[in-house]
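Some notes on the structure that comes next.
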Amino acid sequence: MKKRRRRRRRAGFRKLPVFLLMAVLAAAAALGIHQIMRGECGPGSDAGSAVLMGAGGRIEEAVRDTEERQETQQKLQEPAEEMTGAEQTAQDLEADSSGKYASDPENAPKLRIVLDPGHGGPGITDEQELGAIYRNTYEKYLTLEIARALGEELSQYGNVEIFYTRESDTALTLKERAAYAASVDADVLISLHLNASREHNLFGSEVFVSAYGEKYAYGSGLGSRILSELVDYGFASKGVKTRLGSHGDYYGIIRECGSLGIPAIIVEHGYMDEDRDWGRMDSEEELQELGRRDAAGIAAYFGLEKGRTLAELMEPELELPEISPVQPDITPPEEVWYTLSRVSENSAEITLYAEEPESSLMYYDYSLDGGETWQSAQEWTEEGPVTFAAEISASQESDLIVRAYNTYELRTEAERR
Ligand SMILES: [Zn+2]
């Protein structure tokens, strides 16, 4: 993986034209788009592309080092810019006798963070461009709103430079997004998404990271800080996870960035097709709050301070995995069974047991009609078994099905004991 180097000076980040976003949202609302496809969100796997772990990164680095040297030489030939009074005062405020804060914030070390609003584009030939489609809107608009708020919030901290893979409704391949991140010499790419599930019954936030070595360590460290902010906001935690495909990391954006030496993570904030989660993203204010939560997690992981520019950037702690790649859980919960005790003629208390040694138990649900319809899934919050009350008569007991899910959405029907 790429080591942090001295940072070049860059122009400040570009602000998203708000009027454009508003126009786009208004257009979407006017179209009255309904659920025209099963809107399962996935950053896509781009399975056909080649993976050149390591080699690509080194070449890239050599090219960039040359560019950097040229730029430094150019800078030496340029006359020094004169400092205005206001700038001088700002720098005096930044300066600190401890040396903790940068006396020259412009030249202080900076993290180069690429925000990648998931999806984008008209979706005429490629439905993936739209992302999930629910509630008369598209995921691609909502991720853009989150990215804008995240960038604005993060820019209030020192030591960061923010870049966007897209700032409007444009189509980009995953490869193009990764190439853009490399072109701006990114330290990390954060891909922003919203989820949906096949049966519209799941909820919660999750983060996908590379399964490999240092990239796993970096991604899981950063991802868990972001996730804990989202959990504070009210989302259930589905954890920080890996997913492998035949070409390495399953998700294309993680794999493409990885091949260029850039750690990338995917933040799935919550489910558009689930009422509890939707309640935390159903307005502009809510989406902006998601962006601010992400920013707080990022700032916490890198030790950034609001309104202050640090003289030194903290090297993030990397807990290397014992075995790489870090395997995802591919088996459902085991030893799943329940007991039922009658409370009254029409109600019973059910206790559900399950074991999940590889990941964690995440949800449970049940059907009273042999699987025709399902009660909404509930979060498995206990360490051990869960106990819940069900409105069920004695004659319905033979049609009862109870299921336990893990964080990988794999589930097992419980046996009655
Ligand atoms: Zn998505």
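Going through the structure tokens in order, the chains are called A, B, and so on, while each chain numbers its residues from 1 and the ligands are numbered from 1 in the order shown.
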Next on the checklist: I need the strand (DSSP E) residues of region 69-298 of chain A per DSSP on the backbone, written as a PyMOL selection string.
Outcome noted: chain A and resi 111-117+133-134+137-138+160-164+188-195+205-208+237-241+244-245+248-249+264-271
Just write the chosen residues, C-alpha atoms, as a PDB file, in the first residue's frame.
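Contents of the output file part_31.pdb:
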ATOM      1  CA  LEU A 111      -5.295  13.815   3.911  1.00  0.00           C
ATOM      2  CA  ARG A 112      -6.615  13.530   0.413  1.00  0.00           C
ATOM      3  CA  ILE A 113     -10.092  12.078   0.703  1.00  0.00           C
ATOM      4  CA  VAL A 114     -12.163  11.154  -2.330  1.00  0.00           C
ATOM      5  CA  LEU A 115     -15.911  11.020  -1.757  1.00  0.00           C
ATOM      6  CA  ASP A 116     -17.704   8.773  -4.195  1.00  0.00           C
ATOM      7  CA  PRO A 117     -21.488   9.242  -4.326  1.00  0.00           C
ATOM      8  CA  ILE A 133     -35.344   2.965  -6.437  1.00  0.00           C
ATOM      9  CA  TYR A 134     -37.910   3.527  -3.716  1.00  0.00           C
ATOM     10  CA  THR A 137     -36.603   8.677  -5.770  1.00  0.00           C
ATOM     11  CA  TYR A 138     -33.303   7.149  -6.754  1.00  0.00           C
ATOM     12  CA  VAL A 160      -8.033  17.536   4.712  1.00  0.00           C
ATOM     13  CA  GLU A 161      -8.538  18.031   1.026  1.00  0.00           C
ATOM     14  CA  ILE A 162     -11.766  16.726  -0.374  1.00  0.00           C
ATOM     15  CA  PHE A 163     -12.440  15.520  -3.894  1.00  0.00           C
ATOM     16  CA  TYR A 164     -15.596  14.157  -5.484  1.00  0.00           C
ATOM     17  CA  VAL A 188      -8.625   6.889   0.654  1.00  0.00           C
ATOM     18  CA  LEU A 189     -11.867   6.649  -1.317  1.00  0.00           C
ATOM     19  CA  ILE A 190     -15.187   6.496   0.499  1.00  0.00           C
ATOM     20  CA  SER A 191     -18.078   5.212  -1.594  1.00  0.00           C
ATOM     21  CA  LEU A 192     -21.477   6.302  -0.300  1.00  0.00           C
ATOM     22  CA  HIS A 193     -24.553   4.138  -0.747  1.00  0.00           C
ATOM     23  CA  LEU A 194     -28.039   3.352   0.467  1.00  0.00           C
ATOM     24  CA  ASN A 195     -29.332  -0.164   0.627  1.00  0.00           C
ATOM     25  CA  SER A 205     -25.851   0.189   8.414  1.00  0.00           C
ATOM     26  CA  GLU A 206     -22.861  -1.755   7.157  1.00  0.00           C
ATOM     27  CA  VAL A 207     -19.418  -1.042   5.752  1.00  0.00           C
ATOM     28  CA  PHE A 208     -17.586  -3.161   3.176  1.00  0.00           C
ATOM     29  CA  SER A 237     -25.091  -2.264  13.115  1.00  0.00           C
ATOM     30  CA  LYS A 238     -24.557  -4.919  10.457  1.00  0.00           C
ATOM     31  CA  GLY A 239     -20.835  -4.617  10.970  1.00  0.00           C
ATOM     32  CA  VAL A 240     -17.704  -4.036   8.929  1.00  0.00           C
ATOM     33  CA  LYS A 241     -17.376  -6.835   6.418  1.00  0.00           C
ATOM     34  CA  LEU A 244     -14.738 -12.038  -1.942  1.00  0.00           C
ATOM     35  CA  GLY A 245     -15.348 -12.903  -5.578  1.00  0.00           C
ATOM     36  CA  GLY A 248     -10.356 -10.934  -5.160  1.00  0.00           C
ATOM     37  CA  ASP A 249     -12.471  -8.291  -3.450  1.00  0.00           C
ATOM     38  CA  ALA A 264     -11.568   2.123  -0.508  1.00  0.00           C
ATOM     39  CA  ILE A 265     -14.589   1.465   1.648  1.00  0.00           C
ATOM     40  CA  ILE A 266     -18.302   1.270   0.907  1.00  0.00           C
ATOM     41  CA  VAL A 267     -20.648   2.807   3.450  1.00  0.00           C
ATOM     42  CA  GLU A 268     -24.172   1.401   3.180  1.00  0.00           C
ATOM     43  CA  HIS A 269     -25.977   3.852   5.424  1.00  0.00           C
ATOM     44  CA  GLY A 270     -29.338   2.112   5.679  1.00  0.00           C
ATOM     45  CA  TYR A 271     -32.242   0.652   3.737  1.00  0.00           C
TER      46      TYR A 271
END
Next on the checklist: What parts of region 200-340 of chain A does DSSP call alpha helix (DSSP H)? I'd like the answer as an MDAnalysis selection string.
Outcome noted: chainID A and resid 213:233 252:259 275:278 284:302
Create the file for the chosen residues now, containing C-alpha atoms and written as a PDB file, in the first residue's frame.
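File produced: result_37.pdb:
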ATOM      1  CA  GLY A 213      -3.794  -7.087   4.686  1.00  0.00           C
ATOM      2  CA  GLU A 214      -3.127  -3.407   5.272  1.00  0.00           C
ATOM      3  CA  LYS A 215      -6.093  -2.324   3.179  1.00  0.00           C
ATOM      4  CA  TYR A 216      -8.317  -4.433   5.419  1.00  0.00           C
ATOM      5  CA  ALA A 217      -6.728  -2.922   8.526  1.00  0.00           C
ATOM      6  CA  TYR A 218      -7.158   0.629   7.254  1.00  0.00           C
ATOM      7  CA  GLY A 219     -10.695   0.051   5.969  1.00  0.00           C
ATOM      8  CA  SER A 220     -11.945  -1.714   9.055  1.00  0.00           C
ATOM      9  CA  GLY A 221     -10.422   0.909  11.373  1.00  0.00           C
ATOM     10  CA  LEU A 222     -12.026   3.758   9.446  1.00  0.00           C
ATOM     11  CA  GLY A 223     -15.226   1.833   8.744  1.00  0.00           C
ATOM     12  CA  SER A 224     -15.888   0.982  12.357  1.00  0.00           C
ATOM     13  CA  ARG A 225     -15.536   4.652  13.382  1.00  0.00           C
ATOM     14  CA  ILE A 226     -18.068   5.682  10.742  1.00  0.00           C
ATOM     15  CA  LEU A 227     -20.355   2.793  11.666  1.00  0.00           C
ATOM     16  CA  SER A 228     -20.369   3.709  15.333  1.00  0.00           C
ATOM     17  CA  GLU A 229     -21.502   7.237  14.402  1.00  0.00           C
ATOM     18  CA  LEU A 230     -24.353   5.808  12.342  1.00  0.00           C
ATOM     19  CA  VAL A 231     -25.329   3.485  15.186  1.00  0.00           C
ATOM     20  CA  ASP A 232     -25.371   6.473  17.555  1.00  0.00           C
ATOM     21  CA  TYR A 233     -27.791   8.054  15.132  1.00  0.00           C
ATOM     22  CA  GLY A 252     -15.495  -3.393  -8.024  1.00  0.00           C
ATOM     23  CA  ILE A 253     -14.776  -0.039  -6.418  1.00  0.00           C
ATOM     24  CA  ILE A 254     -12.787  -1.693  -3.613  1.00  0.00           C
ATOM     25  CA  ARG A 255     -10.954  -3.956  -6.056  1.00  0.00           C
ATOM     26  CA  GLU A 256     -10.180  -1.241  -8.633  1.00  0.00           C
ATOM     27  CA  CYS A 257      -8.935   1.204  -6.004  1.00  0.00           C
ATOM     28  CA  GLY A 258      -6.966  -1.600  -4.343  1.00  0.00           C
ATOM     29  CA  SER A 259      -5.151  -2.372  -7.594  1.00  0.00           C
ATOM     30  CA  ASP A 275     -39.594   2.210   7.247  1.00  0.00           C
ATOM     31  CA  ARG A 276     -37.355   2.503  10.309  1.00  0.00           C
ATOM     32  CA  ASP A 277     -34.271   3.250   8.221  1.00  0.00           C
ATOM     33  CA  TRP A 278     -36.130   5.435   5.747  1.00  0.00           C
ATOM     34  CA  GLU A 284     -32.724  16.809   2.937  1.00  0.00           C
ATOM     35  CA  GLU A 285     -31.920  17.494   6.606  1.00  0.00           C
ATOM     36  CA  GLU A 286     -31.750  13.785   7.418  1.00  0.00           C
ATOM     37  CA  LEU A 287     -29.459  13.075   4.463  1.00  0.00           C
ATOM     38  CA  GLN A 288     -27.211  15.946   5.513  1.00  0.00           C
ATOM     39  CA  GLU A 289     -27.106  14.497   9.009  1.00  0.00           C
ATOM     40  CA  LEU A 290     -25.878  11.192   7.540  1.00  0.00           C
ATOM     41  CA  GLY A 291     -23.073  13.106   5.829  1.00  0.00           C
ATOM     42  CA  ARG A 292     -22.178  14.838   9.088  1.00  0.00           C
ATOM     43  CA  ARG A 293     -22.116  11.483  10.907  1.00  0.00           C
ATOM     44  CA  ASP A 294     -19.766  10.073   8.295  1.00  0.00           C
ATOM     45  CA  ALA A 295     -17.546  13.138   8.678  1.00  0.00           C
ATOM     46  CA  ALA A 296     -17.415  12.725  12.456  1.00  0.00           C
ATOM     47  CA  GLY A 297     -16.294   9.097  12.030  1.00  0.00           C
ATOM     48  CA  ILE A 298     -13.605  10.054   9.508  1.00  0.00           C
ATOM     49  CA  ALA A 299     -12.314  12.884  11.695  1.00  0.00           C
ATOM     50  CA  ALA A 300     -12.220  10.588  14.732  1.00  0.00           C
ATOM     51  CA  TYR A 301     -10.224   7.906  12.940  1.00  0.00           C
ATOM     52  CA  PHE A 302      -7.606  10.340  11.643  1.00  0.00           C
TER      53      PHE A 302
END
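The smallest atom-to-atom distance between Ile124 (chain A) and any of A:Ala102, A:Trp374, A:Thr165, A:Ala171, using only C-alpha atoms, is found for A:Ala171.
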Next on the checklist: If I take CA of Ser324 (chain A) and CA of Tyr212 (chain A), how far is one from the other in Å, to one decimal?
Outcome noted: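 Rounded to one decimal, the two atoms are 5.4 Å apart.
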Checklist entry - With distances taken over only C-alpha atoms, which of A:Met281, A:Ala132, A:Ala211, A:Leu368 is nearest to Val326 (chain A)? => result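 Of A:Met281, A:Ala132, A:Ala211, A:Leu368, the one nearest Val326 (chain A) is A:Ala211, counting only C-alpha atoms.
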Checklist entry - So what do you get for CA of Ile330 (chain A) versus CA of Thr407 (chain A), distance-wise? => result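 Here the two named atoms are 10.5 Å from each other.
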Next on the checklist: I'd like the contact shell of region 397-401 of chain A - 6 Å cut-off, only C-alpha atoms, skipping same-chain residues fewer than 6 positions apart - returned as a list in words.
Outcome noted: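 Skipping anything fewer than 6 positions along the chain leaves Tyr366, Ser367, Leu368, Asp369 and Gly370 of chain A.
Between ligand 1 and the candidates A:Ala196, A:Ala311, A:Leu172, A:Val402, the tightest atom-to-atom separation, counting only C-alpha atoms and all ligand atoms, involves A:Ala196.
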Checklist entry - Separation of CA of Glu317 (chain A) and CA of Glu176 (chain A), in Å? => result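 Here the two named atoms are 29.4 Å from each other.
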Item to check | Close residues, Pro385 (chain A) itself excluded, 10 Å, only C-alpha atoms, min 2 positions apart in chain, as a list in words | outcome: Val336, Trp337, Tyr338, Thr351, Leu352, Tyr353, Ala354, Glu355, Leu361, Trp380, Thr381, Glu382, Glu383 and Thr387 of chain A
Using the selection just defined, write its residues with C-alpha atoms as a compact mmCIF listing (two decimals), in the first residue's frame.
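For reference, part-v5.txt as written:
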# COMPACT_ATOMS: atom_id res chain seq x y z
CA VAL A 336 -31.20 -22.87 15.49
CA TRP A 337 -34.20 -23.89 17.58
CA TYR A 338 -37.00 -22.40 19.64
CA THR A 351 -37.46 -18.18 22.93
CA LEU A 352 -35.10 -18.54 19.98
CA TYR A 353 -31.62 -20.03 20.22
CA ALA A 354 -28.90 -19.93 17.56
CA GLU A 355 -25.15 -20.15 17.19
CA LEU A 361 -26.54 -13.00 14.78
CA TRP A 380 -31.10 -9.70 17.44
CA THR A 381 -29.74 -7.53 20.23
CA GLU A 382 -28.99 -10.19 22.82
CA GLU A 383 -25.70 -12.00 23.37
CA THR A 387 -37.36 -14.06 23.79
Item to check | Residue among A:Ala236, A:Ala348, A:Ala389, A:Leu304 lying closest to Arg280 (chain A), counting only C-alpha atoms | outcome: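 Using only C-alpha atoms, Arg280 (chain A) sits closest to A:Ala236.
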